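Below: the structure, in structure tokens.
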Amino acid sequence: MDPIIEIGDLSFFYPDGKQALDSINLTVMPGERVSLVGANGAGKSTLLHHLNGILTGRGRVRIGSLEPTKGNLGRIRAMVGVVFQNPDDQLFSPTVFEDVAYGPIYQGCDKGTVQGRVEQALAAVHMRDYANRISYHLSGGEKKRIAIATVLSMQPEILVFDEPTAGLDPRARRELIELLAELPQTMLIATHDFNLVELLTPRTVLLYRGRVVADGATATILGDERLLTVHGMR
Ligand SMILES: Nc1ncnc2c1ncn2[C@@H]1O[C@H](COP(=O)(O)OP(=O)(O)O)[C@@H](O)[C@H]1O
Ligand SMILES: [Mg+2]
């Protein structure tokens, strides 16, 4: 089997000169679920933004057989669904239906297909009855699930999450973890939520100052107090 995500020797500097990624290597196989952990500023979000061409650094990024170059961006974005940390960055239409329909309409789907995709995506996040609700008025946990539906409606093979449980109360957090466990896609999840990591992803990658300092079984990495302490996670 070929990897679905292949990152080789990837480095990235922000325009102000700050180096956020330093020679990152990461390979993810189809169907794998991987957590990306690391202290604030470790480079998690910056790395995720390279997966669908929001940012472009020096080095190799391959999604399936595609590189996220300008000409491929449409196909890459159909393959990689990114769920941002703040759902308000993802929800901007008056109703839930329009938010979830946005991607398939943009992809050129006909009306019937759009309708079907929206129903399917809302069902996947257990929000079937919310199509006519106003996104702006939903709770944090509900907004999060709709944001996930806006990505699922494009039928991506890879789901990328930036701190999906941040800001949710314990119950919404638990429900979200259960929901993610039902989804079949390959997942890469940046998170500080060790509960999520333990329950959801058998593999964990630890970033520190833009470098991968550990990559292995979640139980091994979360069990290594010294590793976590040295890299600002304790
Ligand atoms: N737009 C930006 N301009 C300059 N530096 C940035 C910008 N965004 C993030 N950084 C810096 O890049 C590093 C990595 O940030 P980030 O990827 O957001 O880390 P994380 O998601 O792990 O908290 C940090 O030092 C951060 O301050
Ligand atoms: Mg971040």
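Residues in the structure tokens are named by chain (A, B, ... in the order shown) and by number from 1 within that chain; ligands are numbered from 1 in the order shown.
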Kindly provide, as an NGL selection string, all nucleotide and amino acid residues lying within 8 Å of ligand 2, counting only C-alpha atoms and all ligand atoms.
-> :A and (40-41 or 43-46 or 85 or 162-163 or 190)
Selected residues written out with C-alpha atoms, as a JSON list (two decimals), in the first residue's frame:
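Below you can see part-v4.json, which holds the result:
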```json
[["chain", "number", "residue", "atom", "x", "y", "z"],
["A", 40, "ASN", "CA", 1.75, 25.93, 21.99],
["A", 41, "GLY", "CA", 3.87, 27.23, 19.14],
["A", 43, "GLY", "CA", 4.18, 24.10, 14.71],
["A", 44, "LYS", "CA", 1.06, 21.91, 14.68],
["A", 45, "SER", "CA", -1.24, 24.34, 12.89],
["A", 46, "THR", "CA", 1.49, 25.38, 10.48],
["A", 85, "GLN", "CA", -9.99, 25.35, 15.34],
["A", 162, "ASP", "CA", -6.96, 21.56, 14.51],
["A", 163, "GLU", "CA", -7.74, 21.17, 18.23],
["A", 190, "ALA", "CA", -3.63, 18.41, 16.29]]
```
Contacts of Arg33 in chain A at 9 Å (only C-alpha atoms; same-chain gap of 4+ positions) as a PDB file with N, CA and C atoms, in the first residue's frame:
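Result written to out-v3.pdb:
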```pdb
ATOM      1  N   VAL A  28       1.827   8.929   6.460  1.00  0.00           N
ATOM      2  CA  VAL A  28       0.588   8.387   7.016  1.00  0.00           C
ATOM      3  C   VAL A  28      -0.034   7.446   5.986  1.00  0.00           C
ATOM      4  N   MET A  29      -0.427   6.261   6.440  1.00  0.00           N
ATOM      5  CA  MET A  29      -1.030   5.270   5.547  1.00  0.00           C
ATOM      6  C   MET A  29      -2.548   5.452   5.507  1.00  0.00           C
ATOM      7  N   GLN A 185     -12.554   7.952   7.671  1.00  0.00           N
ATOM      8  CA  GLN A 185     -11.455   8.590   6.928  1.00  0.00           C
ATOM      9  C   GLN A 185     -10.107   8.487   7.668  1.00  0.00           C
ATOM     10  N   THR A 186      -9.052   8.642   6.897  1.00  0.00           N
ATOM     11  CA  THR A 186      -7.720   8.858   7.463  1.00  0.00           C
ATOM     12  C   THR A 186      -7.773  10.174   8.241  1.00  0.00           C
ATOM     13  N   MET A 187      -7.192  10.189   9.455  1.00  0.00           N
ATOM     14  CA  MET A 187      -7.291  11.414  10.264  1.00  0.00           C
ATOM     15  C   MET A 187      -5.949  11.844  10.823  1.00  0.00           C
ATOM     16  N   LEU A 188      -5.723  13.150  10.757  1.00  0.00           N
ATOM     17  CA  LEU A 188      -4.580  13.761  11.416  1.00  0.00           C
ATOM     18  C   LEU A 188      -5.145  14.855  12.317  1.00  0.00           C
ATOM     19  N   ILE A 189      -4.888  14.743  13.622  1.00  0.00           N
ATOM     20  CA  ILE A 189      -5.561  15.604  14.592  1.00  0.00           C
ATOM     21  C   ILE A 189      -4.542  16.309  15.481  1.00  0.00           C
ATOM     22  N   LEU A 200      -8.750   7.711  20.526  1.00  0.00           N
ATOM     23  CA  LEU A 200      -9.023   7.788  19.090  1.00  0.00           C
ATOM     24  C   LEU A 200      -7.855   7.427  18.186  1.00  0.00           C
ATOM     25  N   THR A 201      -6.628   7.738  18.605  1.00  0.00           N
ATOM     26  CA  THR A 201      -5.531   7.565  17.648  1.00  0.00           C
ATOM     27  C   THR A 201      -4.451   6.624  18.191  1.00  0.00           C
ATOM     28  N   PRO A 202      -4.265   5.485  17.565  1.00  0.00           N
ATOM     29  CA  PRO A 202      -3.246   4.532  18.013  1.00  0.00           C
ATOM     30  C   PRO A 202      -1.820   5.072  17.854  1.00  0.00           C
ATOM     31  N   ARG A 203      -1.673   6.100  16.996  1.00  0.00           N
ATOM     32  CA  ARG A 203      -0.330   6.648  16.753  1.00  0.00           C
ATOM     33  C   ARG A 203      -0.281   8.128  17.119  1.00  0.00           C
ATOM     34  N   THR A 204       0.850   8.544  17.677  1.00  0.00           N
ATOM     35  CA  THR A 204       1.035   9.941  18.086  1.00  0.00           C
ATOM     36  C   THR A 204       2.376  10.465  17.577  1.00  0.00           C
TER      37      THR A 204
END
```
Output as a PyMOL selection string all residues of range 17-91 of chain A that backbone DSSP marks as strand (DSSP E).
-> chain A and resi 19-28+33-37+58-63+80-83
How many Å lie between CA of Val61 in chain A and CA of Ile7 in chain A, rounded to one decimal?
-> 4.6 Å
Test item: residues lying within 12 Å of ligand 1 with only C-alpha atoms and all ligand atoms, as a short mmCIF file (atom, residue, chain, number, x, y, z; two decimals) with N, CA and C atoms, in the first residue's frame:
```
data_model
loop_
_atom_site.label_atom_id
_atom_site.label_comp_id
_atom_site.auth_asym_id
_atom_site.auth_seq_id
_atom_site.Cartn_x
_atom_site.Cartn_y
_atom_site.Cartn_z
N SER A 11 10.37 22.33 5.54
CA SER A 11 10.68 23.46 6.42
C SER A 11 9.84 24.65 6.00
N PHE A 12 9.49 25.48 6.98
CA PHE A 12 8.68 26.65 6.65
C PHE A 12 9.05 27.84 7.53
N PHE A 13 9.20 28.98 6.89
CA PHE A 13 9.46 30.24 7.59
C PHE A 13 8.29 31.19 7.33
N TYR A 14 7.77 31.83 8.39
CA TYR A 14 6.79 32.89 8.17
C TYR A 14 7.49 34.12 7.62
N PRO A 15 6.72 35.01 6.96
CA PRO A 15 7.33 36.18 6.32
C PRO A 15 8.19 37.01 7.28
N ASP A 16 7.87 37.00 8.57
CA ASP A 16 8.68 37.78 9.52
C ASP A 16 10.00 37.10 9.88
N GLY A 17 10.26 35.93 9.25
CA GLY A 17 11.52 35.24 9.46
C GLY A 17 11.45 34.12 10.48
N LYS A 18 10.33 34.02 11.20
CA LYS A 18 10.17 32.98 12.22
C LYS A 18 10.10 31.59 11.55
N GLN A 19 11.02 30.70 11.96
CA GLN A 19 10.96 29.34 11.42
C GLN A 19 9.96 28.51 12.23
N ALA A 20 8.93 28.02 11.57
CA ALA A 20 7.87 27.28 12.27
C ALA A 20 7.99 25.77 12.04
N LEU A 21 8.58 25.35 10.92
CA LEU A 21 8.80 23.93 10.67
C LEU A 21 10.25 23.71 10.27
N ASP A 22 10.84 22.64 10.80
CA ASP A 22 12.26 22.39 10.58
C ASP A 22 12.46 20.93 10.15
N LEU A 36 -1.32 14.75 16.53
CA LEU A 36 -0.16 15.63 16.47
C LEU A 36 -0.19 16.44 17.76
N VAL A 37 0.77 16.17 18.66
CA VAL A 37 0.78 16.89 19.93
C VAL A 37 2.04 17.74 20.04
N GLY A 38 2.04 18.65 21.00
CA GLY A 38 3.18 19.54 21.18
C GLY A 38 2.71 20.82 21.83
N ALA A 39 3.61 21.47 22.56
CA ALA A 39 3.26 22.69 23.28
C ALA A 39 2.78 23.77 22.31
N ASN A 40 2.15 24.81 22.83
CA ASN A 40 1.75 25.93 21.99
C ASN A 40 2.97 26.46 21.24
N GLY A 41 2.78 26.71 19.94
CA GLY A 41 3.87 27.23 19.14
C GLY A 41 4.80 26.18 18.57
N ALA A 42 4.50 24.89 18.80
CA ALA A 42 5.36 23.80 18.32
C ALA A 42 5.34 23.68 16.79
N GLY A 43 4.27 24.17 16.17
CA GLY A 43 4.18 24.10 14.71
C GLY A 43 3.05 23.23 14.20
N LYS A 44 2.16 22.80 15.08
CA LYS A 44 1.06 21.91 14.68
C LYS A 44 0.17 22.53 13.59
N SER A 45 -0.32 23.72 13.86
CA SER A 45 -1.24 24.34 12.89
C SER A 45 -0.51 24.63 11.58
N THR A 46 0.72 25.09 11.69
CA THR A 46 1.49 25.38 10.48
C THR A 46 1.64 24.12 9.63
N LEU A 47 1.90 23.00 10.27
CA LEU A 47 2.04 21.74 9.53
C LEU A 47 0.71 21.37 8.86
N LEU A 48 -0.38 21.46 9.61
CA LEU A 48 -1.68 21.10 9.03
C LEU A 48 -2.01 21.97 7.81
N HIS A 49 -1.61 23.25 7.88
CA HIS A 49 -1.93 24.15 6.77
C HIS A 49 -1.15 23.84 5.50
N HIS A 50 -0.15 22.97 5.62
CA HIS A 50 0.57 22.53 4.42
C HIS A 50 -0.14 21.39 3.69
N ILE A 54 -2.77 25.66 1.99
CA ILE A 54 -2.96 26.99 2.56
C ILE A 54 -1.59 27.66 2.70
N LEU A 55 -0.59 26.86 3.13
CA LEU A 55 0.80 27.33 3.20
C LEU A 55 1.67 26.41 2.34
N PHE A 84 -11.09 23.71 10.90
CA PHE A 84 -10.32 24.71 11.64
C PHE A 84 -10.68 24.71 13.11
N GLN A 85 -9.79 25.32 13.89
CA GLN A 85 -9.99 25.35 15.34
C GLN A 85 -11.27 26.10 15.71
N PHE A 161 -7.90 17.87 11.61
CA PHE A 161 -8.56 18.66 12.64
C PHE A 161 -7.53 19.45 13.43
N ASP A 162 -7.83 20.74 13.67
CA ASP A 162 -6.96 21.56 14.51
C ASP A 162 -7.66 21.76 15.85
N GLU A 163 -7.20 21.08 16.87
CA GLU A 163 -7.74 21.17 18.23
C GLU A 163 -9.27 21.07 18.26
N ILE A 189 -4.89 14.74 13.62
CA ILE A 189 -5.56 15.60 14.59
C ILE A 189 -4.54 16.31 15.48
N ALA A 190 -4.46 17.63 15.36
CA ALA A 190 -3.63 18.41 16.29
C ALA A 190 -4.44 18.63 17.55
N THR A 191 -3.88 18.28 18.70
CA THR A 191 -4.68 18.38 19.92
C THR A 191 -3.82 18.43 21.18
N HIS A 192 -4.43 19.03 22.23
CA HIS A 192 -3.85 18.99 23.58
C HIS A 192 -4.64 18.02 24.44
N VAL A 205 2.33 11.69 17.09
CA VAL A 205 3.56 12.37 16.67
C VAL A 205 3.74 13.59 17.57
N LEU A 206 4.92 13.72 18.16
CA LEU A 206 5.21 14.84 19.06
C LEU A 206 6.10 15.86 18.35
N LEU A 207 5.61 17.10 18.29
CA LEU A 207 6.38 18.19 17.69
C LEU A 207 6.98 19.06 18.79
N TYR A 208 8.16 19.56 18.53
CA TYR A 208 8.81 20.49 19.45
C TYR A 208 9.63 21.46 18.62
N ARG A 209 9.30 22.75 18.76
CA ARG A 209 10.00 23.79 18.00
C ARG A 209 10.14 23.43 16.53
N GLY A 210 9.07 22.99 15.93
CA GLY A 210 9.05 22.75 14.49
C GLY A 210 9.67 21.45 14.03
N ARG A 211 10.05 20.60 15.01
CA ARG A 211 10.64 19.31 14.65
C ARG A 211 9.81 18.16 15.18
N VAL A 212 9.87 17.02 14.48
CA VAL A 212 9.26 15.80 15.01
C VAL A 212 10.27 15.19 15.97
N GLY A 232 7.82 20.25 27.06
CA GLY A 232 6.85 21.26 27.44
C GLY A 232 5.41 20.81 27.51
N MET A 233 5.22 19.49 27.67
CA MET A 233 3.85 18.99 27.71
C MET A 233 3.39 18.67 29.12
#
```
CA of Ile177 in chain A and CA of Val151 in chain A, how far apart in Å?
->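 CA of Ile177 in chain A lies at a distance of 16.9 Å from CA of Val151 in chain A.
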Determine, counting only C-alpha atoms, which protein, DNA and RNA residues have an atom within 7 Å of an atom of Asn25 in chain A; residues of the same chain fewer than 4 positions away are not included. Present the result as a ChimeraX atom specification.
-> /A:7-10
Write out as a list in words each polymer residue whose atoms come within 10 Å of Gly103 in chain A, counting only C-alpha atoms; drop sequence neighbours fewer than 3 positions from it.
->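 With the cut-off at 10 Å, the set is Arg77, Ala78, Glu98, Asp99, Val100, Tyr106, Gln107, Gly108, Cys109, Val114, Arg117, Val118, Thr150, Val151, Leu152, Ser153, Met154 and Gln155 of chain A.
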